[in-house]
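Quick look at upload30.cif (mmCIF, C-alpha atoms):
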data_run
loop_
_atom_site.group_PDB
_atom_site.id
_atom_site.type_symbol
_atom_site.label_atom_id
_atom_site.label_comp_id
_atom_site.auth_asym_id
_atom_site.auth_seq_id
_atom_site.Cartn_x
_atom_site.Cartn_y
_atom_site.Cartn_z
ATOM 1 C CA MET A 186 -162.487 -45.298 -31.852
ATOM 2 C CA THR A 187 -165.501 -43.532 -30.395
ATOM 3 C CA PHE A 188 -168.987 -44.714 -31.351
ATOM 4 C CA GLY A 189 -172.004 -42.454 -31.177
ATOM 5 C CA VAL A 190 -175.289 -44.282 -30.595
ATOM 6 C CA LEU A 191 -178.397 -42.319 -31.569
ATOM 7 C CA GLN A 192 -181.316 -42.230 -29.181
ATOM 8 C CA PHE A 193 -184.777 -41.225 -30.394
ATOM 9 C CA PRO A 194 -187.909 -41.115 -28.260
ATOM 10 C CA GLY A 195 -189.108 -44.699 -28.730
ATOM 11 C CA SER A 196 -185.672 -46.253 -29.285
ATOM 12 C CA CYS A 197 -185.329 -49.408 -27.229
ATOM 13 C CA ASP A 198 -182.069 -51.085 -28.259
ATOM 14 C CA GLU A 199 -179.730 -48.160 -27.669
ATOM 15 C CA ARG A 200 -178.425 -49.549 -24.351
ATOM 16 C CA ASP A 201 -177.453 -52.876 -25.893
ATOM 17 C CA ALA A 202 -175.927 -51.055 -28.853
ATOM 18 C CA LEU A 203 -173.923 -48.853 -26.497
ATOM 19 C CA ALA A 204 -172.768 -51.901 -24.519
ATOM 20 C CA ALA A 205 -171.781 -53.689 -27.745
ATOM 21 C CA CYS A 206 -169.798 -50.649 -28.903
ATOM 22 C CA GLU A 207 -168.084 -50.377 -25.520
ATOM 23 C CA ARG A 208 -166.697 -53.886 -25.955
ATOM 24 C CA THR A 209 -164.573 -52.652 -28.833
ATOM 25 C CA GLY A 210 -164.131 -48.937 -28.191
ATOM 26 C CA GLU A 211 -165.426 -45.846 -26.474
ATOM 27 C CA ALA A 212 -169.075 -44.960 -26.920
ATOM 28 C CA ARG A 213 -171.567 -42.285 -26.020
ATOM 29 C CA MET A 214 -175.259 -41.735 -26.579
ATOM 30 C CA VAL A 215 -176.400 -39.025 -28.997
ATOM 31 C CA TRP A 216 -179.836 -37.593 -28.197
ATOM 32 C CA HIS A 217 -182.081 -37.025 -31.224
ATOM 33 C CA GLU A 218 -181.906 -33.245 -30.805
ATOM 34 C CA GLU A 219 -178.096 -33.166 -30.868
ATOM 35 C CA THR A 220 -176.379 -32.033 -34.029
ATOM 36 C CA ASP A 221 -172.742 -32.009 -32.911
ATOM 37 C CA LEU A 222 -171.045 -35.282 -33.767
ATOM 38 C CA SER A 223 -167.513 -34.001 -33.190
ATOM 39 C CA GLY A 224 -165.256 -36.609 -31.654
ATOM 40 C CA ILE A 225 -167.409 -39.449 -32.986
ATOM 41 C CA ASP A 226 -165.743 -41.868 -35.409
ATOM 42 C CA ALA A 227 -168.703 -44.138 -36.168
ATOM 43 C CA VAL A 228 -172.462 -43.737 -35.739
ATOM 44 C CA VAL A 229 -174.900 -46.486 -34.783
ATOM 45 C CA VAL A 230 -178.605 -45.911 -35.425
ATOM 46 C CA PRO A 231 -180.213 -48.459 -33.099
ATOM 47 C CA GLY A 232 -183.430 -50.423 -33.107
ATOM 48 C CA GLY A 233 -186.732 -49.631 -31.493
ATOM 49 C CA PHE A 234 -189.790 -47.654 -32.476
ATOM 50 C CA SER A 235 -188.508 -44.140 -33.127
ATOM 51 C CA TYR A 236 -191.226 -41.521 -32.555
ATOM 52 C CA GLY A 237 -193.645 -44.436 -32.200
ATOM 53 C CA ASP A 238 -192.971 -45.473 -35.805
ATOM 54 C CA TYR A 239 -196.234 -43.786 -36.726
ATOM 55 C CA LEU A 240 -197.048 -43.499 -40.419
ATOM 56 C CA ARG A 241 -194.234 -45.876 -41.538
ATOM 57 C CA ALA A 242 -191.308 -47.282 -39.624
ATOM 58 C CA GLY A 243 -188.532 -44.678 -39.596
ATOM 59 C CA ALA A 244 -190.509 -42.089 -41.575
ATOM 60 C CA ILE A 245 -190.575 -39.433 -38.873
ATOM 61 C CA ALA A 246 -187.155 -40.084 -37.319
ATOM 62 C CA ARG A 247 -185.423 -39.223 -40.576
ATOM 63 C CA PHE A 248 -186.384 -35.571 -40.008
ATOM 64 C CA SER A 249 -184.799 -35.365 -36.554
ATOM 65 C CA PRO A 250 -181.949 -32.860 -36.026
ATOM 66 C CA ALA A 251 -179.516 -35.689 -35.255
ATOM 67 C CA MET A 252 -180.299 -37.386 -38.567
ATOM 68 C CA GLY A 253 -179.359 -34.199 -40.408
ATOM 69 C CA ALA A 254 -175.975 -34.405 -38.697
ATOM 70 C CA VAL A 255 -175.716 -38.119 -39.511
ATOM 71 C CA ALA A 256 -176.386 -37.413 -43.198
ATOM 72 C CA GLU A 257 -173.514 -34.901 -43.195
ATOM 73 C CA PHE A 258 -171.305 -37.332 -41.301
ATOM 74 C CA ALA A 259 -172.054 -40.059 -43.861
ATOM 75 C CA ALA A 260 -171.494 -37.681 -46.792
ATOM 76 C CA GLY A 261 -168.028 -37.001 -45.353
ATOM 77 C CA GLY A 262 -167.271 -40.722 -45.393
ATOM 78 C CA GLY A 263 -167.989 -41.486 -41.730
ATOM 79 C CA PRO A 264 -169.202 -45.026 -41.086
ATOM 80 C CA VAL A 265 -172.876 -45.369 -40.121
ATOM 81 C CA LEU A 266 -174.471 -48.646 -39.018
ATOM 82 C CA GLY A 267 -178.260 -48.898 -38.880
ATOM 83 C CA ILE A 268 -179.795 -51.804 -37.004
ATOM 84 C CA CYS A 269 -183.450 -52.819 -37.415
ATOM 85 C CA ASN A 270 -185.377 -49.558 -36.905
ATOM 86 C CA GLY A 271 -182.077 -47.806 -37.623
ATOM 87 C CA PHE A 272 -181.989 -49.565 -41.000
ATOM 88 C CA GLN A 273 -185.555 -48.415 -41.666
ATOM 89 C CA VAL A 274 -184.616 -44.847 -40.706
ATOM 90 C CA LEU A 275 -181.562 -44.857 -43.015
ATOM 91 C CA CYS A 276 -183.681 -46.156 -45.920
ATOM 92 C CA GLU A 277 -186.341 -43.513 -45.301
ATOM 93 C CA ALA A 278 -183.595 -40.873 -45.153
ATOM 94 C CA GLY A 279 -182.268 -42.006 -48.532
ATOM 95 C CA LEU A 280 -178.875 -42.906 -47.036
ATOM 96 C CA LEU A 281 -179.485 -46.538 -47.996
ATOM 97 C CA PRO A 282 -181.292 -47.953 -51.031
ATOM 98 C CA GLY A 283 -184.631 -49.732 -50.865
ATOM 99 C CA ALA A 284 -187.339 -49.979 -48.225
ATOM 100 C CA LEU A 285 -188.530 -52.275 -45.448
ATOM 101 C CA LEU A 286 -192.080 -53.583 -45.816
ATOM 102 C CA PRO A 287 -194.273 -55.428 -43.298
ATOM 103 C CA ASN A 288 -193.230 -59.067 -42.858
ATOM 104 C CA GLU A 289 -194.708 -61.468 -45.370
ATOM 105 C CA ASP A 290 -196.778 -63.282 -42.749
ATOM 106 C CA VAL A 291 -197.899 -60.060 -40.968
ATOM 107 C CA ARG A 292 -196.472 -61.238 -37.646
ATOM 108 C CA PHE A 293 -193.914 -59.826 -35.278
ATOM 109 C CA LEU A 294 -190.866 -62.094 -35.478
ATOM 110 C CA CYS A 295 -188.417 -62.859 -32.726
ATOM 111 C CA ARG A 296 -185.946 -65.661 -33.372
ATOM 112 C CA GLN A 297 -182.311 -66.527 -33.878
ATOM 113 C CA VAL A 298 -181.215 -66.689 -37.538
ATOM 114 C CA ASP A 299 -178.013 -67.473 -39.394
ATOM 115 C CA LEU A 300 -176.593 -64.749 -41.599
ATOM 116 C CA VAL A 301 -174.112 -65.349 -44.388
ATOM 117 C CA VAL A 302 -171.437 -62.692 -44.909
ATOM 118 C CA GLU A 303 -171.544 -61.863 -48.627
ATOM 119 C CA ASN A 304 -169.161 -58.926 -48.636
ATOM 120 C CA ALA A 305 -166.268 -59.192 -46.174
ATOM 121 C CA GLU A 306 -164.523 -56.044 -47.354
ATOM 122 C CA SER A 307 -166.814 -53.377 -45.940
ATOM 123 C CA PRO A 308 -165.803 -51.449 -42.790
ATOM 124 C CA PHE A 309 -168.566 -53.376 -40.991
ATOM 125 C CA THR A 310 -167.638 -56.898 -42.070
ATOM 126 C CA ARG A 311 -163.905 -56.810 -42.712
ATOM 127 C CA GLY A 312 -163.289 -58.829 -39.549
ATOM 128 C CA CYS A 313 -165.334 -61.652 -41.088
ATOM 129 C CA GLU A 314 -164.616 -64.000 -43.940
ATOM 130 C CA ALA A 315 -166.793 -64.147 -47.046
ATOM 131 C CA GLY A 316 -169.237 -67.013 -46.627
ATOM 132 C CA GLN A 317 -168.892 -67.006 -42.842
ATOM 133 C CA THR A 318 -172.110 -67.621 -40.914
ATOM 134 C CA LEU A 319 -173.176 -65.398 -38.003
ATOM 135 C CA SER A 320 -175.882 -66.428 -35.539
ATOM 136 C CA VAL A 321 -177.822 -63.291 -34.610
ATOM 137 C CA PRO A 322 -181.440 -62.652 -33.492
ATOM 138 C CA VAL A 323 -184.112 -60.870 -35.508
ATOM 139 C CA LYS A 324 -187.092 -59.134 -33.891
ATOM 140 C CA HIS A 325 -189.259 -56.986 -36.085
ATOM 141 C CA MET A 326 -192.628 -56.396 -37.707
ATOM 142 C CA SER A 327 -191.482 -54.644 -40.884
ATOM 143 C CA GLY A 328 -188.299 -56.311 -42.061
ATOM 144 C CA ARG A 329 -189.120 -57.427 -45.595
ATOM 145 C CA TYR A 330 -186.395 -55.818 -47.667
ATOM 146 C CA PHE A 331 -187.576 -54.497 -50.999
ATOM 147 C CA ALA A 332 -185.778 -52.878 -53.901
ATOM 148 C CA PRO A 333 -187.001 -52.528 -57.482
ATOM 149 C CA PRO A 334 -185.381 -54.994 -59.942
ATOM 150 C CA GLU A 335 -182.858 -52.616 -61.539
ATOM 151 C CA LEU A 336 -181.663 -51.369 -58.138
ATOM 152 C CA LEU A 337 -181.487 -54.944 -56.907
ATOM 153 C CA ASN A 338 -179.264 -55.967 -59.806
ATOM 154 C CA ASP A 339 -176.997 -53.016 -59.071
ATOM 155 C CA LEU A 340 -176.753 -53.983 -55.401
ATOM 156 C CA VAL A 341 -175.880 -57.587 -56.199
ATOM 157 C CA ALA A 342 -173.439 -56.733 -59.004
ATOM 158 C CA ASN A 343 -171.528 -54.218 -56.904
ATOM 159 C CA GLY A 344 -171.141 -56.170 -53.681
ATOM 160 C CA ARG A 345 -173.637 -53.994 -51.848
ATOM 161 C CA VAL A 346 -175.492 -56.964 -50.413
ATOM 162 C CA ALA A 347 -173.372 -57.323 -47.285
ATOM 163 C CA LEU A 348 -175.404 -59.995 -45.488
ATOM 164 C CA ARG A 349 -178.011 -62.545 -46.487
ATOM 165 C CA TYR A 350 -180.214 -64.856 -44.463
ATOM 166 C CA ALA A 351 -178.821 -68.379 -44.694
ATOM 167 C CA PRO A 352 -180.670 -70.624 -47.183
ATOM 168 C CA GLY A 353 -184.117 -71.538 -45.856
ATOM 169 C CA GLN A 354 -183.937 -69.027 -43.006
ATOM 170 C CA ASN A 355 -185.365 -65.902 -44.617
ATOM 171 C CA PRO A 356 -187.809 -64.942 -41.842
ATOM 172 C CA ASN A 357 -189.726 -62.099 -43.443
ATOM 173 C CA GLY A 358 -189.885 -62.511 -47.221
ATOM 174 C CA SER A 359 -186.973 -60.186 -47.996
ATOM 175 C CA VAL A 360 -186.140 -60.128 -51.682
ATOM 176 C CA ARG A 361 -183.239 -62.473 -52.513
ATOM 177 C CA ASP A 362 -182.782 -63.260 -48.798
ATOM 178 C CA ILE A 363 -181.173 -59.851 -48.249
ATOM 179 C CA ALA A 364 -180.512 -59.084 -44.573
ATOM 180 C CA GLY A 365 -178.082 -56.167 -44.869
ATOM 181 C CA VAL A 366 -177.093 -53.669 -47.570
ATOM 182 C CA LEU A 367 -174.410 -51.043 -48.135
ATOM 183 C CA ASN A 368 -174.677 -47.607 -49.703
ATOM 184 C CA GLU A 369 -172.794 -46.883 -52.920
ATOM 185 C CA ALA A 370 -169.717 -45.518 -51.139
ATOM 186 C CA GLY A 371 -169.688 -48.486 -48.763
ATOM 187 C CA ASN A 372 -169.609 -46.431 -45.547
ATOM 188 C CA VAL A 373 -173.262 -46.871 -44.565
ATOM 189 C CA MET A 374 -174.737 -50.267 -43.766
ATOM 190 C CA GLY A 375 -178.139 -51.316 -42.538
ATOM 191 C CA LEU A 376 -179.365 -54.705 -41.368
ATOM 192 C CA MET A 377 -182.576 -55.974 -39.814
ATOM 193 C CA PRO A 378 -180.986 -58.560 -37.462
ATOM 194 C CA HIS A 379 -179.530 -57.423 -34.147
ATOM 195 C CA PRO A 380 -175.773 -57.944 -33.784
ATOM 196 C CA GLU A 381 -175.855 -55.855 -30.568
ATOM 197 C CA HIS A 382 -177.965 -58.599 -28.929
ATOM 198 C CA ALA A 383 -175.328 -61.216 -29.782
ATOM 199 C CA VAL A 384 -172.133 -59.991 -28.146
ATOM 200 C CA ASP A 385 -171.911 -62.360 -25.176
ATOM 201 C CA PRO A 386 -172.053 -66.173 -25.028
ATOM 202 C CA LEU A 387 -174.500 -65.701 -22.137
ATOM 203 C CA THR A 388 -177.243 -64.941 -24.671
ATOM 204 C CA GLY A 389 -176.356 -67.860 -26.919
ATOM 205 C CA SER A 390 -174.038 -66.225 -29.430
ATOM 206 C CA ASP A 391 -171.389 -63.546 -29.580
ATOM 207 C CA ASP A 392 -171.196 -63.573 -33.375
ATOM 208 C CA GLY A 393 -172.621 -60.044 -33.578
ATOM 209 C CA LEU A 394 -169.486 -58.653 -31.991
ATOM 210 C CA ALA A 395 -167.665 -59.151 -35.303
ATOM 211 C CA LEU A 396 -169.471 -56.174 -36.833
ATOM 212 C CA PHE A 397 -168.555 -53.795 -34.006
ATOM 213 C CA ALA A 398 -165.018 -55.150 -33.915
ATOM 214 C CA SER A 399 -164.701 -54.655 -37.676
ATOM 215 C CA LEU A 400 -165.733 -51.042 -37.248
ATOM 216 C CA ALA A 401 -163.310 -50.531 -34.400
ATOM 217 C CA ALA A 402 -160.634 -52.303 -36.472
ATOM 218 C CA VAL A 403 -159.703 -54.595 -33.635
ATOM 219 C CA PRO A 404 -159.857 -58.390 -33.623
ATOM 220 C CA ALA A 405 -163.292 -59.733 -32.703
ATOM 221 C CA ALA A 406 -161.783 -61.684 -29.840
ATOM 222 C CA ALA A 407 -160.414 -58.587 -28.110
ATOM 223 C CA MET B 79 -208.869 -26.219 -47.043
ATOM 224 C CA LYS B 80 -209.634 -29.838 -46.256
ATOM 225 C CA ALA B 81 -207.861 -32.476 -48.253
ATOM 226 C CA THR B 82 -207.687 -36.236 -48.271
ATOM 227 C CA VAL B 83 -204.667 -38.252 -49.332
ATOM 228 C CA LEU B 84 -205.064 -41.898 -50.298
ATOM 229 C CA ILE B 85 -201.932 -44.030 -50.041
ATOM 230 C CA ARG B 86 -201.786 -47.474 -51.631
ATOM 231 C CA PRO B 87 -199.134 -50.158 -51.832
ATOM 232 C CA LYS B 88 -197.664 -50.011 -55.336
ATOM 233 C CA GLU B 89 -199.004 -52.457 -57.867
ATOM 234 C CA GLY B 90 -196.937 -55.612 -57.861
ATOM 235 C CA ILE B 91 -195.752 -55.260 -54.278
ATOM 236 C CA LEU B 92 -197.058 -58.010 -52.016
ATOM 237 C CA ASP B 93 -199.595 -56.578 -49.564
ATOM 238 C CA PRO B 94 -199.775 -59.124 -46.737
ATOM 239 C CA GLN B 95 -202.385 -57.078 -44.876
ATOM 240 C CA GLY B 96 -204.713 -57.216 -47.878
ATOM 241 C CA LYS B 97 -204.005 -60.937 -48.268
ATOM 242 C CA ALA B 98 -204.850 -61.585 -44.611
ATOM 243 C CA VAL B 99 -208.148 -59.735 -44.981
ATOM 244 C CA GLU B 100 -208.926 -61.648 -48.171
ATOM 245 C CA ARG B 101 -208.201 -64.988 -46.514
ATOM 246 C CA ALA B 102 -210.532 -64.164 -43.612
ATOM 247 C CA LEU B 103 -213.533 -63.427 -45.825
ATOM 248 C CA PRO B 104 -214.722 -66.982 -46.656
ATOM 249 C CA ALA B 105 -214.893 -67.830 -42.930
ATOM 250 C CA LEU B 106 -217.270 -64.897 -42.507
ATOM 251 C CA GLY B 107 -219.497 -66.129 -45.309
ATOM 252 C CA PHE B 108 -218.335 -63.662 -47.953
ATOM 253 C CA SER B 109 -217.514 -65.037 -51.368
ATOM 254 C CA GLY B 110 -216.565 -63.506 -54.684
ATOM 255 C CA ILE B 111 -214.223 -60.909 -53.191
ATOM 256 C CA HIS B 112 -210.740 -60.777 -54.666
ATOM 257 C CA ARG B 113 -207.598 -58.667 -54.893
ATOM 258 C CA VAL B 114 -208.021 -56.951 -51.522
ATOM 259 C CA ARG B 115 -205.436 -54.209 -50.978
ATOM 260 C CA VAL B 116 -205.117 -52.256 -47.756
ATOM 261 C CA GLY B 117 -203.678 -48.738 -47.762
ATOM 262 C CA ARG B 118 -203.968 -45.605 -45.649
ATOM 263 C CA MET B 119 -206.062 -42.475 -45.758
ATOM 264 C CA VAL B 120 -204.798 -39.188 -44.350
ATOM 265 C CA GLU B 121 -207.181 -36.293 -43.798
ATOM 266 C CA LEU B 122 -205.680 -32.873 -43.286
ATOM 267 C CA GLU B 123 -206.295 -29.174 -43.536
ATOM 268 C CA VAL B 124 -203.834 -27.216 -45.650
ATOM 269 C CA GLU B 125 -203.471 -23.514 -46.257
ATOM 270 C CA ASN B 126 -201.571 -23.980 -49.519
ATOM 271 C CA MET B 127 -202.656 -26.907 -51.634
ATOM 272 C CA GLU B 128 -199.454 -26.609 -53.671
ATOM 273 C CA ASP B 129 -197.507 -27.824 -50.619
ATOM 274 C CA LEU B 130 -199.356 -31.103 -50.660
ATOM 275 C CA PRO B 131 -197.541 -33.107 -53.397
ATOM 276 C CA SER B 132 -194.169 -32.357 -51.827
ATOM 277 C CA LEU B 133 -195.505 -33.324 -48.378
ATOM 278 C CA CYS B 134 -196.821 -36.580 -49.828
ATOM 279 C CA GLU B 135 -193.506 -37.456 -51.440
ATOM 280 C CA LYS B 136 -191.354 -36.496 -48.481
ATOM 281 C CA LEU B 137 -193.425 -37.888 -45.638
ATOM 282 C CA LEU B 138 -196.924 -39.261 -46.161
ATOM 283 C CA ALA B 139 -195.916 -41.832 -48.796
ATOM 284 C CA ASN B 140 -192.676 -43.582 -49.651
ATOM 285 C CA PRO B 141 -192.676 -43.315 -53.463
ATOM 286 C CA LEU B 142 -190.528 -46.435 -53.772
ATOM 287 C CA ILE B 143 -193.263 -48.660 -52.372
ATOM 288 C CA GLU B 144 -196.446 -46.567 -52.317
ATOM 289 C CA ASP B 145 -198.605 -44.521 -54.680
ATOM 290 C CA TYR B 146 -200.559 -41.569 -53.420
ATOM 291 C CA GLU B 147 -203.602 -39.757 -54.669
ATOM 292 C CA ILE B 148 -204.760 -36.357 -53.473
ATOM 293 C CA VAL B 149 -208.547 -36.054 -53.213
ATOM 294 C CA GLU B 150 -209.697 -32.491 -52.585
#

Represent the structure of the file as structure tokens.
Amino acid sequence: MTFGVLQFPGSCDERDALAACERTGEARMVWHEETDLSGIDAVVVPGGFSYGDYLRAGAIARFSPAMGAVAEFAAGGGPVLGICNGFQVLCEAGLLPGALLPNEDVRFLCRQVDLVVENAESPFTRGCEAGQTLSVPVKHMSGRYFAPPELLNDLVANGRVALRYAPGQNPNGSVRDIAGVLNEAGNVMGLMPHPEHAVDPLTGSDDGLALFASLAAVPAAA
Amino acid sequence: MKATVLIRPKEGILDPQGKAVERALPALGFSGIHRVRVGRMVELEVENMEDLPSLCEKLLANPLIEDYEIVE
């Protein structure tokens, strides 16, 4: 399993993402101008402030050459995980449904939250059990997940809500406590919290490793 | 040709920036001001005005959450 971790000008979590991937497989960085994803089995679009996040978070990054290649990769069934800004980029690119709005209380958030695994059958969560709780940090300014009502019903009815904030812990006003969603085919997932920052007990939790381990199809403890 | 694009949060979507501005007004002595919404304005020069709607939908606004209005 070889992970490719995208790097845009303004990315800031790509090193942690790379390190998290390397705990469960091989990994290499993919510069935003690269379009050749050959040899890569899974793509991670990391957090940060791609291209400065001017205009709207993720709005400009979606037009990068690498994102064109990622769209093709996803269309071919390749797994793509978007974290924080990566989630925003994937939504802007239309690879995931919905949008991320500024946090309800207009503040930058940085705290540990509990996530509940809603769908434990996706390539990203299959190492977890449904209902399992993961302790993972959030740090963002625009993390309020939004989807119009009919889309929301579709997401809920079809198991496309992969992760929710635990009851009472929704940090940003996301609709129905949604923390992570899947695309229709189930091979693209985005989440606002940062599993790549929770892969070592040194930082308080290694629960985030489960997502990378699921992707690499190896036990989380490996 | 110069053009101006106004981008607003869609009706019904919570606009916390507008709410924060609204909440600050009484402390400044302003009263009777309600329903504050904060959006964006983009000024640009375009050679072909017909390009503008597509540009708005693809980049300047996210149609899922924002409405745009082109003011020539």

**Request:** Step by step, work through what the PyMOL selection byres ((chain A) within 10 of (chain B)) selects in the shown file, and finish by giving those residues as an MDAnalysis selection string.
**Result:** chainID A and resid 240:241 244:245 247:248 277:278 282:292 331:333 358

**Request:** Report as a ChimeraX atom specification the full result of the PyMOL selection byres ((chain B and resi 82) around 12) when it is applied to this structure.
**Result:** /B:79-81,83-85,118-124,127,130-131,134,138,146-150

Quick one: write out the picked residues with C-alpha atoms as a short mmCIF file (atom, residue, chain, number, x, y, z; two decimals), in the coordinates of the input?
data_model
loop_
_atom_site.label_atom_id
_atom_site.label_comp_id
_atom_site.auth_asym_id
_atom_site.auth_seq_id
_atom_site.Cartn_x
_atom_site.Cartn_y
_atom_site.Cartn_z
CA MET B 79 -208.87 -26.22 -47.04
CA LYS B 80 -209.63 -29.84 -46.26
CA ALA B 81 -207.86 -32.48 -48.25
CA VAL B 83 -204.67 -38.25 -49.33
CA LEU B 84 -205.06 -41.90 -50.30
CA ILE B 85 -201.93 -44.03 -50.04
CA ARG B 118 -203.97 -45.60 -45.65
CA MET B 119 -206.06 -42.48 -45.76
CA VAL B 120 -204.80 -39.19 -44.35
CA GLU B 121 -207.18 -36.29 -43.80
CA LEU B 122 -205.68 -32.87 -43.29
CA GLU B 123 -206.30 -29.17 -43.54
CA VAL B 124 -203.83 -27.22 -45.65
CA MET B 127 -202.66 -26.91 -51.63
CA LEU B 130 -199.36 -31.10 -50.66
CA PRO B 131 -197.54 -33.11 -53.40
CA CYS B 134 -196.82 -36.58 -49.83
CA LEU B 138 -196.92 -39.26 -46.16
CA TYR B 146 -200.56 -41.57 -53.42
CA GLU B 147 -203.60 -39.76 -54.67
CA ILE B 148 -204.76 -36.36 -53.47
CA VAL B 149 -208.55 -36.05 -53.21
CA GLU B 150 -209.70 -32.49 -52.58
#

**Request:** Using all atoms listed in the file, pick whichever of A:Met186, A:Leu222, A:Val228, A:Trp216 has the shortest atom-to-atom distance to Met374 in chain A.
**Result:** A:Val228

**Message:** Since I can't run it myself right now, could you work out what the PyMOL selection byres ((chain A and resi 365) around 6) selects here and report it as a VMD selection string?
**Reply:** chain A and resid 347 to 348 363 to 364 366 375 to 376

Here's a test: counting all atoms listed in the file, identify every protein, DNA and RNA residue with an atom at most 10 Å from (-166.3, -62.2, -46.3) in the file's coordinate frame, and state them as a PDB file with C-alpha atoms, in the frame of the given file.
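Final output, point_6.pdb:
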ATOM      1  CA  VAL A 301    -174.112 -65.349 -44.388  1.00  0.00           C
ATOM      2  CA  VAL A 302    -171.437 -62.692 -44.909  1.00  0.00           C
ATOM      3  CA  GLU A 303    -171.544 -61.863 -48.627  1.00  0.00           C
ATOM      4  CA  ASN A 304    -169.161 -58.926 -48.636  1.00  0.00           C
ATOM      5  CA  ALA A 305    -166.268 -59.192 -46.174  1.00  0.00           C
ATOM      6  CA  GLU A 306    -164.523 -56.044 -47.354  1.00  0.00           C
ATOM      7  CA  SER A 307    -166.814 -53.377 -45.940  1.00  0.00           C
ATOM      8  CA  THR A 310    -167.638 -56.898 -42.070  1.00  0.00           C
ATOM      9  CA  ARG A 311    -163.905 -56.810 -42.712  1.00  0.00           C
ATOM     10  CA  GLY A 312    -163.289 -58.829 -39.549  1.00  0.00           C
ATOM     11  CA  CYS A 313    -165.334 -61.652 -41.088  1.00  0.00           C
ATOM     12  CA  GLU A 314    -164.616 -64.000 -43.940  1.00  0.00           C
ATOM     13  CA  ALA A 315    -166.793 -64.147 -47.046  1.00  0.00           C
ATOM     14  CA  GLY A 316    -169.237 -67.013 -46.627  1.00  0.00           C
ATOM     15  CA  GLN A 317    -168.892 -67.006 -42.842  1.00  0.00           C
ATOM     16  CA  THR A 318    -172.110 -67.621 -40.914  1.00  0.00           C
ATOM     17  CA  ALA A 347    -173.372 -57.323 -47.285  1.00  0.00           C
ATOM     18  CA  LEU A 348    -175.404 -59.995 -45.488  1.00  0.00           C
TER      19      LEU A 348
END

**Asked** Looking at all atoms listed in the file, which of B:Leu133, B:Glu89, B:Glu144, B:Asn126 is the one that sits closest to Arg113 in chain B?
**Response**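 Under the stated criterion, the closest residue is B:Glu89.
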
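Going from CA of Asp201 in chain A to CA of Leu340 in chain A covers 29.5 Å.
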
**Request:** Would you mind listing what lies within 8 Å of Phe188 in chain A as a PyMOL selection string, with only C-alpha atoms counted and same-chain residues fewer than 3 positions away left out?
**Result:** chain A and resi 206+210-213+225-229

**Request:** Name the residues in contact with range 266-272 of chain A at a cut-off of 10 Å, using only C-alpha atoms, excluding same-chain residues fewer than 4 positions from it; report them as a ChimeraX atom specification.
**Result:** /A:190-191,196-198,202,227-235,238,242-243,246-247,276-278,280-281,284-285,308-309,323-328,364-367,372-381,396-397,400

**Asked** Do you have the CA of Gly90 in chain B-CA of Asn368 in chain A distance handy?
**Response**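 Separation of CA of Gly90 in chain B and CA of Asn368 in chain A: 25.0 Å.
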
**Asked** What gap, in Å, lies between CA of Gly389 in chain A and CA of Arg296 in chain A?
**Response**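 Separation between CA of Gly389 in chain A and CA of Arg296 in chain A: 11.8 Å.
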
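Between Thr220 in chain A and the candidates A:Ser399, A:Ser249, A:Thr388, A:Gln354, the tightest atom-to-atom separation, counting only C-alpha atoms, involves A:Ser249.
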